[in-house]
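What follows is a short report on a single structure.
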2 protein chains.
Amino acid sequence: MIKAKAHPFFDHLNQFITVSEKEFEIIHSYVSIKRLEKKQLLMEANGPCNHAYFVLKGCLHMYFITEKGTERTVQFALENWWITDFLAYQKHLKTDFFIQAVEPSEVLSIESESLEKILQEFPKLERYFRVIFQIGYGSSIMKMKYLYDFTKEEIHFHFTENFPEFAQRVPQYLIASFLGLTPEYVSEIRAKKRS
Amino acid sequence: MIKAKAHPFFDHLNQFITVSEKEFEIIHSYVSIKRLEKKQLLMEANGPCNHAYFVLKGCLHMYFITEKGTERTVQFALENWWITDFLAYQKHLKTDFFIQAVEPSEVLSIESESLEKILQEFPKLERYFRVIFQIGYGSSIMKMKYLYDFTKEEIHFHFTENFPEFAQRVPQYLIASFLGLTPEYVSEIRAKKRS
């Protein structure tokens with residue numbers, strides 16, 4: 001039997017709504033746990049996108065491969081973050097993205113039909129996901145503003161100031177990919193900051 | 001008394017959940033209607049963001065002013081679309097954005113506290129907004145992919161192919177601003193297509 005107490009997903013749910021330990025046990029019976037090695041893939045482009053992932057431990061990123069063959073990261077997820085291609089997940093489409101573990105990780109995985117069942121059984125979880133998606137949507141519009149408005153140096157500075165945990169945990173080349181910079185440029189900025 | 005039948009918001013709600021005419025009357029008592037002239041502002045940067053807008057008629061856009069003083073559009077909304085700075089709206093922060101009517105428009109406006117009351121009274125609306133935000137979030141990640149991956153010409157082609165209504169209704173300089181192109185570049189592409 002899963003222990004609700006101190007479970008990251010139980011705690012996260014209860015940040016936004018009220019879920020009892022008993023209810024959590026039922027909710028948890030719909031999910032599965034996956035352990036991933038560093039660089040292991042969870043989802044692949046041109047395949048189905050039937051699962052959403054909640055990070056229990058570690059760090060993942062979602063990326064696509066450009067026409068020129070380079071990887072471009074569009075999203076990161078650390079502990080307590082949800083990650084998937086939510087458009088494909090919602091509309092049962094093929095995805096254009098890969099999801100990969102940046103570190104050894106552990107995720108909770110919910111299949112889209114299971115999520116629908118959970119939402120039918122516990123409609124209050126609609127509120128939880130409404131808030132999660134509202135913040136995700138709002139933040140991605142904010143990110144567009146930064147990408148449009150800031151110089152490359154400002155983007156990097158803003159990111160490392162606001163998300164210091166990322167800057168420490170995530171390899172430079174992935175941060176560069178996420179911010180639309182070259183790895184060489186990020187090294188240069190870092191060297192400049194140190195000097 | 002508001003007539004639910006054939007009301008765009010009533011119809012839109014019922015695309016995702018089931019709302020009776022009686023319930024709609026109560027929901028509608030929490031909202032207000034605003035009529036806007038072309039170019040009229042609904043929200044201004046550095047001010048509060050207490051309202052979300054559902055477009056009944058017309059077209060709006062959300063933009064910010066770059067450090068260089070140019071307007072950059074981050075979002076459009078035609079009929080049946082929601083628009084606001086959802087991060088500021090959720091977190092009761094000041095906004096960095098302006099919302100302006102592109103055409104003479106009519107919107108339904110919900111204050112954030114009123115929305116909270118509606119959601120308390122009709123929790124099933126959480127589902128409606130969950131789906132709206134999930135699609136919005138997913139789409140904005142998709143937009144990032146296009147911005148990263150496509151050439152300028154491809155971005156413009158993709159946009160006008162997939163959203164022909166926009167291309168017809170929205171002035172060229174706003175589409176250019178949304179796609180990160182110069183108005184001159186858009187004119188050039190259009191001229192090329194015609195020839």
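Ordered as shown in the structure tokens, chains take letters A, B, and onward, while each chain numbers its residues from 1 and ligands are numbered from 1 in the order shown.
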
- Task: Can you pull out every residue within 10 Å of Ile132 (chain A), counting only C-alpha atoms, but drop anything in the same chain fewer than 3 positions away, and send it as a list in words?
- Result: Phe16, Trp81, Trp82, Glu126, Arg127, Tyr128, Phe129, Ile135, Gly136 and Tyr137 of chain A; Arg130, Phe133, Gln134 and Tyr137 of chain B

Please produce a file of those selected residues containing all heavy atoms, as a short mmCIF file (atom, residue, chain, number, x, y, z; two decimals), in the first residue's frame.
```
data_model
loop_
_atom_site.label_atom_id
_atom_site.label_comp_id
_atom_site.auth_asym_id
_atom_site.auth_seq_id
_atom_site.Cartn_x
_atom_site.Cartn_y
_atom_site.Cartn_z
N PHE A 16 -2.87 22.62 -3.59
CA PHE A 16 -3.87 23.31 -4.41
C PHE A 16 -5.31 22.92 -4.05
O PHE A 16 -6.22 23.71 -4.19
CB PHE A 16 -3.63 23.03 -5.89
CG PHE A 16 -2.28 23.48 -6.37
CD1 PHE A 16 -1.20 22.61 -6.42
CD2 PHE A 16 -2.08 24.80 -6.73
CE1 PHE A 16 0.04 23.03 -6.85
CE2 PHE A 16 -0.83 25.24 -7.16
CZ PHE A 16 0.23 24.35 -7.21
N TRP A 81 7.19 18.89 -10.98
CA TRP A 81 6.71 19.49 -12.23
C TRP A 81 6.10 18.40 -13.10
O TRP A 81 6.54 17.26 -13.08
CB TRP A 81 7.86 20.12 -13.01
CG TRP A 81 8.40 21.36 -12.40
CD1 TRP A 81 8.53 21.64 -11.08
CD2 TRP A 81 8.90 22.49 -13.10
NE1 TRP A 81 9.08 22.88 -10.92
CE2 TRP A 81 9.32 23.42 -12.14
CE3 TRP A 81 9.04 22.81 -14.46
CZ2 TRP A 81 9.88 24.65 -12.48
CZ3 TRP A 81 9.59 24.03 -14.80
CH2 TRP A 81 10.01 24.93 -13.82
N TRP A 82 5.11 18.80 -13.86
CA TRP A 82 4.51 17.92 -14.85
C TRP A 82 5.18 18.16 -16.19
O TRP A 82 5.52 19.29 -16.52
CB TRP A 82 3.02 18.22 -14.99
CG TRP A 82 2.21 17.64 -13.88
CD1 TRP A 82 1.84 18.26 -12.73
CD2 TRP A 82 1.70 16.31 -13.81
NE1 TRP A 82 1.11 17.40 -11.94
CE2 TRP A 82 1.01 16.19 -12.59
CE3 TRP A 82 1.74 15.19 -14.66
CZ2 TRP A 82 0.37 15.02 -12.19
CZ3 TRP A 82 1.11 14.02 -14.26
CH2 TRP A 82 0.44 13.94 -13.05
N GLU A 126 -9.82 18.34 -11.23
CA GLU A 126 -9.88 19.29 -12.36
C GLU A 126 -9.28 20.63 -11.92
O GLU A 126 -8.59 21.29 -12.69
CB GLU A 126 -11.33 19.52 -12.81
CG GLU A 126 -12.02 18.31 -13.40
CD GLU A 126 -11.63 18.03 -14.85
OE1 GLU A 126 -10.76 18.71 -15.40
OE2 GLU A 126 -12.21 17.07 -15.40
N ARG A 127 -9.58 21.03 -10.69
CA ARG A 127 -9.06 22.30 -10.18
C ARG A 127 -7.53 22.27 -10.11
O ARG A 127 -6.86 23.23 -10.50
CB ARG A 127 -9.64 22.60 -8.80
CG ARG A 127 -9.17 23.95 -8.24
CD ARG A 127 -9.81 24.26 -6.90
NE ARG A 127 -9.32 25.50 -6.36
CZ ARG A 127 -9.84 26.70 -6.63
NH1 ARG A 127 -10.88 26.80 -7.43
NH2 ARG A 127 -9.33 27.79 -6.10
N TYR A 128 -7.00 21.17 -9.59
CA TYR A 128 -5.55 21.02 -9.50
C TYR A 128 -4.90 21.20 -10.88
O TYR A 128 -3.99 22.02 -11.06
CB TYR A 128 -5.22 19.64 -8.91
CG TYR A 128 -3.77 19.23 -9.01
CD1 TYR A 128 -2.82 19.75 -8.13
CD2 TYR A 128 -3.36 18.30 -9.97
CE1 TYR A 128 -1.49 19.37 -8.22
CE2 TYR A 128 -2.04 17.91 -10.05
CZ TYR A 128 -1.10 18.44 -9.18
OH TYR A 128 0.21 18.06 -9.27
N PHE A 129 -5.42 20.48 -11.87
CA PHE A 129 -4.82 20.57 -13.19
C PHE A 129 -5.12 21.91 -13.86
O PHE A 129 -4.30 22.43 -14.61
CB PHE A 129 -5.26 19.39 -14.08
CG PHE A 129 -4.58 18.11 -13.71
CD1 PHE A 129 -5.24 17.12 -13.00
CD2 PHE A 129 -3.25 17.90 -14.05
CE1 PHE A 129 -4.59 15.94 -12.63
CE2 PHE A 129 -2.59 16.72 -13.70
CZ PHE A 129 -3.26 15.74 -12.98
N ILE A 135 -0.89 28.21 -14.91
CA ILE A 135 0.44 28.73 -14.61
C ILE A 135 1.41 28.38 -15.75
O ILE A 135 2.20 29.21 -16.19
CB ILE A 135 0.95 28.22 -13.24
CG1 ILE A 135 0.07 28.80 -12.12
CG2 ILE A 135 2.41 28.56 -13.02
CD1 ILE A 135 0.32 28.22 -10.74
N GLY A 136 1.30 27.14 -16.26
CA GLY A 136 2.17 26.72 -17.37
C GLY A 136 1.95 27.58 -18.61
O GLY A 136 2.90 28.04 -19.25
N TYR A 137 0.67 27.84 -18.92
CA TYR A 137 0.31 28.65 -20.08
C TYR A 137 0.82 30.08 -19.90
O TYR A 137 1.51 30.63 -20.78
CB TYR A 137 -1.21 28.62 -20.23
CG TYR A 137 -1.76 29.35 -21.43
CD1 TYR A 137 -1.06 29.44 -22.62
CD2 TYR A 137 -3.04 29.92 -21.37
CE1 TYR A 137 -1.61 30.11 -23.71
CE2 TYR A 137 -3.58 30.58 -22.46
CZ TYR A 137 -2.86 30.67 -23.63
OH TYR A 137 -3.41 31.34 -24.69
N ARG B 130 -9.78 23.93 -17.30
CA ARG B 130 -8.63 23.01 -17.37
C ARG B 130 -8.33 22.69 -18.83
O ARG B 130 -7.18 22.76 -19.28
CB ARG B 130 -8.94 21.73 -16.58
CG ARG B 130 -7.72 20.84 -16.35
CD ARG B 130 -7.60 19.67 -17.32
NE ARG B 130 -8.75 18.79 -17.27
CZ ARG B 130 -9.01 17.90 -18.22
NH1 ARG B 130 -8.23 17.81 -19.30
NH2 ARG B 130 -10.08 17.13 -18.12
N PHE B 133 -6.95 25.80 -20.76
CA PHE B 133 -5.55 26.11 -20.43
C PHE B 133 -4.60 25.01 -20.91
O PHE B 133 -3.47 25.30 -21.29
CB PHE B 133 -5.38 26.33 -18.92
CG PHE B 133 -6.07 27.56 -18.43
CD1 PHE B 133 -6.78 27.56 -17.24
CD2 PHE B 133 -6.02 28.74 -19.15
CE1 PHE B 133 -7.43 28.69 -16.78
CE2 PHE B 133 -6.66 29.89 -18.70
CZ PHE B 133 -7.37 29.86 -17.52
N GLN B 134 -5.08 23.76 -20.87
CA GLN B 134 -4.23 22.67 -21.34
C GLN B 134 -3.92 22.85 -22.82
O GLN B 134 -2.77 22.71 -23.26
CB GLN B 134 -4.95 21.33 -21.10
CG GLN B 134 -4.09 20.12 -21.48
CD GLN B 134 -4.71 18.81 -21.02
OE1 GLN B 134 -5.67 18.80 -20.24
NE2 GLN B 134 -4.18 17.70 -21.49
N TYR B 137 -1.62 25.96 -23.22
CA TYR B 137 -0.25 25.64 -22.81
C TYR B 137 0.43 24.80 -23.88
O TYR B 137 1.54 25.11 -24.35
CB TYR B 137 -0.32 24.89 -21.47
CG TYR B 137 1.01 24.54 -20.86
CD1 TYR B 137 2.14 25.33 -21.03
CD2 TYR B 137 1.13 23.38 -20.06
CE1 TYR B 137 3.34 24.99 -20.44
CE2 TYR B 137 2.33 23.05 -19.46
CZ TYR B 137 3.43 23.85 -19.66
OH TYR B 137 4.62 23.51 -19.08
#
```

- Task: Using only C-alpha atoms, determine which residues lie at most 9 Å from Glu79 (chain A), disregarding the query and same-chain residues fewer than 4 positions distant; provide the list as a PyMOL selection string.
- Result: chain A and resi 8+54-59+107

Counting only C-alpha atoms, collect the residues of chain B whose closest atom lies at most 8 Å from chain A, and write them out as a CSV table (one decimal) with N, CA, C and O atoms, in the first residue's frame.
```
chain,number,residue,atom,x,y,z
B,64,PHE,N,3.5,43.6,-25.7
B,64,PHE,CA,4.3,44.4,-24.8
B,64,PHE,C,5.1,45.4,-25.6
B,64,PHE,O,5.2,45.2,-26.8
B,66,THR,N,8.8,46.6,-26.3
B,66,THR,CA,10.2,46.2,-26.1
B,66,THR,C,11.0,47.4,-25.6
B,66,THR,O,10.6,48.5,-25.6
B,67,GLU,N,12.2,47.0,-25.1
B,67,GLU,CA,13.1,48.1,-24.6
B,67,GLU,C,13.4,49.1,-25.7
B,67,GLU,O,13.7,50.3,-25.4
B,72,ARG,N,5.3,44.3,-29.5
B,72,ARG,CA,5.4,42.9,-29.9
B,72,ARG,C,4.2,42.1,-29.4
B,72,ARG,O,3.9,42.1,-28.2
B,74,VAL,N,2.1,38.9,-28.5
B,74,VAL,CA,2.4,37.6,-28.0
B,74,VAL,C,1.2,36.7,-28.1
B,74,VAL,O,1.3,35.5,-28.0
B,85,ASP,N,-3.4,38.1,-19.3
B,85,ASP,CA,-2.0,37.6,-18.8
B,85,ASP,C,-2.3,36.6,-17.7
B,85,ASP,O,-2.5,37.0,-16.6
B,86,PHE,N,-2.4,35.4,-18.1
B,86,PHE,CA,-3.0,34.4,-17.1
B,86,PHE,C,-2.1,34.2,-15.9
B,86,PHE,O,-2.5,33.7,-14.8
B,87,LEU,N,-0.8,34.5,-16.0
B,87,LEU,CA,0.1,34.3,-14.9
B,87,LEU,C,-0.2,35.4,-13.8
B,87,LEU,O,-0.4,35.2,-12.7
B,88,ALA,N,-0.3,36.7,-14.3
B,88,ALA,CA,-0.6,37.8,-13.4
B,88,ALA,C,-2.0,37.6,-12.9
B,88,ALA,O,-2.3,37.9,-11.7
B,90,GLN,N,-3.7,34.9,-12.3
B,90,GLN,CA,-3.7,33.8,-11.3
B,90,GLN,C,-3.0,34.2,-10.0
B,90,GLN,O,-3.5,34.0,-8.9
B,123,PRO,N,-18.4,23.8,-9.6
B,123,PRO,CA,-17.1,23.2,-9.8
B,123,PRO,C,-16.8,22.6,-11.1
B,123,PRO,O,-15.7,22.4,-11.6
B,124,LYS,N,-17.9,22.3,-11.8
B,124,LYS,CA,-17.7,21.6,-13.2
B,124,LYS,C,-17.0,22.6,-14.1
B,124,LYS,O,-16.5,22.1,-15.1
B,126,GLU,N,-14.4,24.1,-13.6
B,126,GLU,CA,-12.9,23.8,-13.5
B,126,GLU,C,-12.5,23.0,-14.7
B,126,GLU,O,-11.4,23.2,-15.2
B,127,ARG,N,-13.3,22.0,-15.1
B,127,ARG,CA,-13.0,21.2,-16.2
B,127,ARG,C,-12.9,22.0,-17.5
B,127,ARG,O,-12.0,21.8,-18.3
B,129,PHE,N,-12.2,25.2,-17.9
B,129,PHE,CA,-11.0,26.0,-17.9
B,129,PHE,C,-9.7,25.1,-17.9
B,129,PHE,O,-8.7,25.5,-18.5
B,130,ARG,N,-9.8,23.9,-17.3
B,130,ARG,CA,-8.6,23.0,-17.4
B,130,ARG,C,-8.3,22.7,-18.8
B,130,ARG,O,-7.2,22.8,-19.3
B,131,VAL,N,-9.4,22.4,-19.6
B,131,VAL,CA,-9.2,22.0,-21.0
B,131,VAL,C,-8.7,23.2,-21.8
B,131,VAL,O,-7.7,23.1,-22.6
B,133,PHE,N,-6.9,25.8,-20.8
B,133,PHE,CA,-5.5,26.1,-20.4
B,133,PHE,C,-4.6,25.0,-20.9
B,133,PHE,O,-3.5,25.3,-21.3
B,134,GLN,N,-5.1,23.8,-20.9
B,134,GLN,CA,-4.2,22.7,-21.3
B,134,GLN,C,-3.9,22.9,-22.8
B,134,GLN,O,-2.8,22.7,-23.3
B,135,ILE,N,-4.9,23.2,-23.6
B,135,ILE,CA,-4.7,23.4,-25.0
B,135,ILE,C,-3.9,24.7,-25.3
B,135,ILE,O,-3.0,24.7,-26.1
B,136,GLY,N,-4.1,25.7,-24.5
B,136,GLY,CA,-3.3,27.0,-24.6
B,136,GLY,C,-1.9,26.7,-24.3
B,136,GLY,O,-1.0,27.2,-25.0
B,137,TYR,N,-1.6,26.0,-23.2
B,137,TYR,CA,-0.3,25.6,-22.8
B,137,TYR,C,0.4,24.8,-23.9
B,137,TYR,O,1.5,25.1,-24.3
B,138,GLY,N,-0.3,23.7,-24.3
B,138,GLY,CA,0.3,22.9,-25.3
B,138,GLY,C,0.6,23.6,-26.6
B,138,GLY,O,1.7,23.4,-27.2
B,139,SER,N,-0.3,24.5,-27.0
B,139,SER,CA,-0.1,25.3,-28.2
B,139,SER,C,1.0,26.2,-28.2
B,139,SER,O,1.7,26.5,-29.2
B,140,SER,N,1.2,26.8,-27.0
B,140,SER,CA,2.3,27.8,-26.9
B,140,SER,C,3.7,27.1,-26.9
B,140,SER,O,4.6,27.7,-27.4
B,141,ILE,N,3.7,25.8,-26.5
B,141,ILE,CA,5.0,25.1,-26.6
B,141,ILE,C,5.2,24.7,-28.1
B,141,ILE,O,6.3,24.8,-28.6
B,144,MET,N,6.6,27.7,-29.8
B,144,MET,CA,8.1,27.8,-29.6
B,144,MET,C,8.8,27.0,-30.6
B,144,MET,O,9.9,27.4,-31.1
B,145,LYS,N,8.3,25.8,-30.8
B,145,LYS,CA,9.0,24.9,-31.8
B,145,LYS,C,9.0,25.5,-33.1
B,145,LYS,O,10.1,25.5,-33.8
B,148,TYR,N,11.6,28.3,-33.3
B,148,TYR,CA,12.9,27.8,-33.3
B,148,TYR,C,13.3,27.1,-34.6
B,148,TYR,O,14.4,27.2,-35.1
B,149,ASP,N,12.3,26.4,-35.2
B,149,ASP,CA,12.7,25.4,-36.2
B,149,ASP,C,12.5,25.9,-37.6
B,149,ASP,O,13.3,25.5,-38.5
B,180,GLY,N,7.4,37.5,-35.3
B,180,GLY,CA,8.8,37.9,-35.1
B,180,GLY,C,9.5,38.3,-36.4
B,180,GLY,O,10.7,38.2,-36.6
```

- Query: If we count only C-alpha atoms, what is near Lys34 (chain B) at a cut-off of 9 Å, once residues fewer than 6 positions away on the same chain are taken out, given as a PyMOL selection string?
  - Reply: chain B and resi 105-109

Give me the residues within 8 Å of Asn50 (chain B) as an mmCIF file with N, CA, C and O atoms, in the first residue's frame, counting only C-alpha atoms and dropping any in the same chain fewer than 6 places off.
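Generated file (out_22.cif):
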```cif
data_model
loop_
_atom_site.group_PDB
_atom_site.id
_atom_site.type_symbol
_atom_site.label_atom_id
_atom_site.label_comp_id
_atom_site.auth_asym_id
_atom_site.auth_seq_id
_atom_site.Cartn_x
_atom_site.Cartn_y
_atom_site.Cartn_z
ATOM 1 N N TYR B 89 -2.935 37.156 -13.694
ATOM 2 C CA TYR B 89 -4.339 36.964 -13.279
ATOM 3 C C TYR B 89 -4.433 35.938 -12.150
ATOM 4 O O TYR B 89 -5.143 36.139 -11.175
ATOM 5 N N HIS B 92 -2.225 37.381 -9.002
ATOM 6 C CA HIS B 92 -2.523 38.761 -8.576
ATOM 7 C C HIS B 92 -1.276 39.659 -8.644
ATOM 8 O O HIS B 92 -0.935 40.369 -7.702
ATOM 9 N N GLU B 111 -13.937 39.193 -13.643
ATOM 10 C CA GLU B 111 -12.986 39.595 -12.620
ATOM 11 C C GLU B 111 -12.508 38.333 -11.894
ATOM 12 O O GLU B 111 -13.282 37.376 -11.740
ATOM 13 N N SER B 112 -11.249 38.322 -11.439
ATOM 14 C CA SER B 112 -10.701 37.074 -10.887
ATOM 15 C C SER B 112 -11.458 36.586 -9.645
ATOM 16 O O SER B 112 -11.663 35.391 -9.479
#
```

Please identify all polymer residues within 10 Å of Phe10 (chain A), counting only C-alpha atoms, omitting same-chain residues fewer than 2 positions from it, and present them as a short mmCIF file (atom, residue, chain, number, x, y, z; two decimals) with all heavy atoms, in the first residue's frame.
```
data_model
loop_
_atom_site.label_atom_id
_atom_site.label_comp_id
_atom_site.auth_asym_id
_atom_site.auth_seq_id
_atom_site.Cartn_x
_atom_site.Cartn_y
_atom_site.Cartn_z
N LYS A 3 2.13 4.89 0.78
CA LYS A 3 2.00 5.80 1.93
C LYS A 3 1.82 7.23 1.43
O LYS A 3 2.69 7.77 0.74
CB LYS A 3 3.25 5.72 2.81
CG LYS A 3 3.16 4.59 3.81
CD LYS A 3 4.30 4.72 4.82
CE LYS A 3 4.54 3.39 5.50
NZ LYS A 3 5.93 3.17 5.86
N ALA A 4 0.70 7.83 1.78
CA ALA A 4 0.43 9.20 1.34
C ALA A 4 1.36 10.19 2.03
O ALA A 4 1.93 11.09 1.38
CB ALA A 4 -1.03 9.55 1.62
N LYS A 5 1.53 10.01 3.33
CA LYS A 5 2.36 10.93 4.13
C LYS A 5 3.73 11.14 3.50
O LYS A 5 4.44 10.17 3.23
CB LYS A 5 2.53 10.36 5.55
CG LYS A 5 1.36 10.64 6.46
CD LYS A 5 1.59 11.86 7.38
CE LYS A 5 0.29 12.41 7.94
NZ LYS A 5 -0.35 11.48 8.88
N ALA A 6 4.06 12.38 3.29
CA ALA A 6 5.37 12.77 2.75
C ALA A 6 5.61 12.29 1.31
O ALA A 6 6.72 12.34 0.80
CB ALA A 6 6.52 12.31 3.65
N HIS A 7 4.56 11.83 0.63
CA HIS A 7 4.70 11.48 -0.79
C HIS A 7 4.65 12.79 -1.59
O HIS A 7 3.73 13.59 -1.41
CB HIS A 7 3.56 10.56 -1.21
CG HIS A 7 3.76 9.97 -2.57
ND1 HIS A 7 3.71 10.71 -3.71
CD2 HIS A 7 4.04 8.69 -2.96
CE1 HIS A 7 3.93 9.92 -4.76
NE2 HIS A 7 4.14 8.70 -4.32
N PRO A 8 5.63 13.01 -2.48
CA PRO A 8 5.67 14.31 -3.17
C PRO A 8 4.38 14.65 -3.92
O PRO A 8 3.95 15.79 -3.93
CB PRO A 8 6.84 14.17 -4.16
CG PRO A 8 7.61 12.96 -3.75
CD PRO A 8 6.73 12.12 -2.88
N HIS A 12 1.93 17.71 -3.23
CA HIS A 12 1.69 18.69 -4.30
C HIS A 12 0.19 18.89 -4.53
O HIS A 12 -0.28 20.03 -4.69
CB HIS A 12 2.38 18.24 -5.59
CG HIS A 12 2.59 19.35 -6.57
ND1 HIS A 12 1.95 19.40 -7.77
CD2 HIS A 12 3.35 20.47 -6.49
CE1 HIS A 12 2.32 20.51 -8.42
NE2 HIS A 12 3.17 21.17 -7.67
N LEU A 13 -0.56 17.80 -4.56
CA LEU A 13 -2.02 17.90 -4.70
C LEU A 13 -2.59 18.79 -3.60
O LEU A 13 -3.41 19.67 -3.84
CB LEU A 13 -2.66 16.51 -4.60
CG LEU A 13 -2.52 15.60 -5.83
CD1 LEU A 13 -2.89 14.16 -5.47
CD2 LEU A 13 -3.40 16.09 -6.97
N ASN A 14 -2.11 18.55 -2.36
CA ASN A 14 -2.66 19.29 -1.22
C ASN A 14 -2.18 20.74 -1.11
O ASN A 14 -2.64 21.48 -0.26
CB ASN A 14 -2.41 18.52 0.08
CG ASN A 14 -3.46 17.42 0.27
OD1 ASN A 14 -4.61 17.71 0.55
ND2 ASN A 14 -3.06 16.18 0.05
N GLN A 15 -1.27 21.12 -2.00
CA GLN A 15 -0.94 22.55 -2.09
C GLN A 15 -2.07 23.32 -2.77
O GLN A 15 -2.21 24.52 -2.60
CB GLN A 15 0.32 22.74 -2.94
CG GLN A 15 1.60 22.70 -2.16
CD GLN A 15 2.79 22.96 -3.08
OE1 GLN A 15 2.74 23.80 -3.98
NE2 GLN A 15 3.87 22.22 -2.86
N THR A 18 -7.77 19.75 -1.53
CA THR A 18 -7.68 18.89 -0.35
C THR A 18 -7.96 17.44 -0.74
O THR A 18 -9.05 17.12 -1.23
CB THR A 18 -8.67 19.35 0.73
OG1 THR A 18 -8.44 20.75 0.96
CG2 THR A 18 -8.48 18.58 2.03
N VAL A 19 -6.96 16.60 -0.57
CA VAL A 19 -7.09 15.18 -0.91
C VAL A 19 -6.74 14.38 0.36
O VAL A 19 -5.70 14.61 0.97
CB VAL A 19 -6.12 14.80 -2.06
CG1 VAL A 19 -6.09 13.30 -2.29
CG2 VAL A 19 -6.50 15.54 -3.34
N SER A 20 -7.63 13.47 0.75
CA SER A 20 -7.37 12.66 1.94
C SER A 20 -6.40 11.53 1.60
O SER A 20 -6.18 11.22 0.42
CB SER A 20 -8.68 12.07 2.47
OG SER A 20 -9.11 11.05 1.58
N GLU A 21 -5.85 10.92 2.64
CA GLU A 21 -4.93 9.79 2.41
C GLU A 21 -5.64 8.64 1.69
O GLU A 21 -5.07 8.00 0.81
CB GLU A 21 -4.34 9.33 3.74
CG GLU A 21 -3.46 10.42 4.36
CD GLU A 21 -2.75 9.97 5.64
OE1 GLU A 21 -2.56 8.74 5.82
OE2 GLU A 21 -2.38 10.85 6.44
N GLU A 23 -8.25 8.86 -0.34
CA GLU A 23 -8.45 9.23 -1.75
C GLU A 23 -7.14 9.09 -2.53
O GLU A 23 -7.13 8.63 -3.67
CB GLU A 23 -8.95 10.68 -1.85
CG GLU A 23 -10.40 10.86 -1.43
CD GLU A 23 -10.80 12.34 -1.28
OE1 GLU A 23 -9.92 13.18 -0.95
OE2 GLU A 23 -11.98 12.63 -1.47
N PHE A 24 -6.05 9.49 -1.89
CA PHE A 24 -4.76 9.41 -2.57
C PHE A 24 -4.42 7.96 -2.93
O PHE A 24 -3.88 7.69 -4.01
CB PHE A 24 -3.65 10.00 -1.70
CG PHE A 24 -2.31 10.00 -2.38
CD1 PHE A 24 -2.05 10.87 -3.42
CD2 PHE A 24 -1.31 9.11 -2.00
CE1 PHE A 24 -0.81 10.86 -4.07
CE2 PHE A 24 -0.09 9.09 -2.64
CZ PHE A 24 0.17 9.98 -3.68
N GLU A 25 -4.77 7.04 -2.04
CA GLU A 25 -4.51 5.62 -2.34
C GLU A 25 -5.22 5.19 -3.62
O GLU A 25 -4.65 4.48 -4.44
CB GLU A 25 -4.97 4.74 -1.17
CG GLU A 25 -4.00 4.77 0.00
CD GLU A 25 -4.57 4.10 1.25
OE1 GLU A 25 -5.52 3.30 1.12
OE2 GLU A 25 -4.05 4.39 2.35
N ILE A 27 -6.30 7.25 -6.06
CA ILE A 27 -5.68 7.98 -7.18
C ILE A 27 -4.38 7.28 -7.59
O ILE A 27 -4.13 7.04 -8.77
CB ILE A 27 -5.40 9.45 -6.79
CG1 ILE A 27 -6.72 10.21 -6.59
CG2 ILE A 27 -4.52 10.16 -7.83
CD1 ILE A 27 -6.58 11.55 -5.88
N HIS A 28 -3.60 6.91 -6.59
CA HIS A 28 -2.29 6.32 -6.87
C HIS A 28 -2.41 4.96 -7.56
O HIS A 28 -1.49 4.54 -8.28
CB HIS A 28 -1.47 6.20 -5.58
CG HIS A 28 -0.01 6.09 -5.82
ND1 HIS A 28 0.61 4.89 -6.09
CD2 HIS A 28 0.97 7.03 -5.91
CE1 HIS A 28 1.90 5.10 -6.29
NE2 HIS A 28 2.14 6.39 -6.20
#
```

- Task: Write out as number ranges by chain all residues of region 8-178 of chain A that backbone DSSP assigns to strand (DSSP E or B).
- Result: A: 32-36, 41-43, 48, 51-57, 60-65, 71-77, 82-83, 94, 98-101, 105-111

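In this structure, CA of Ile189 (chain B) sits 12.6 Å away from CA of Ile175 (chain B).
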
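Distance-wise, CA of Cys49 (chain A) and CA of Glu113 (chain A) end up 11.7 Å apart.
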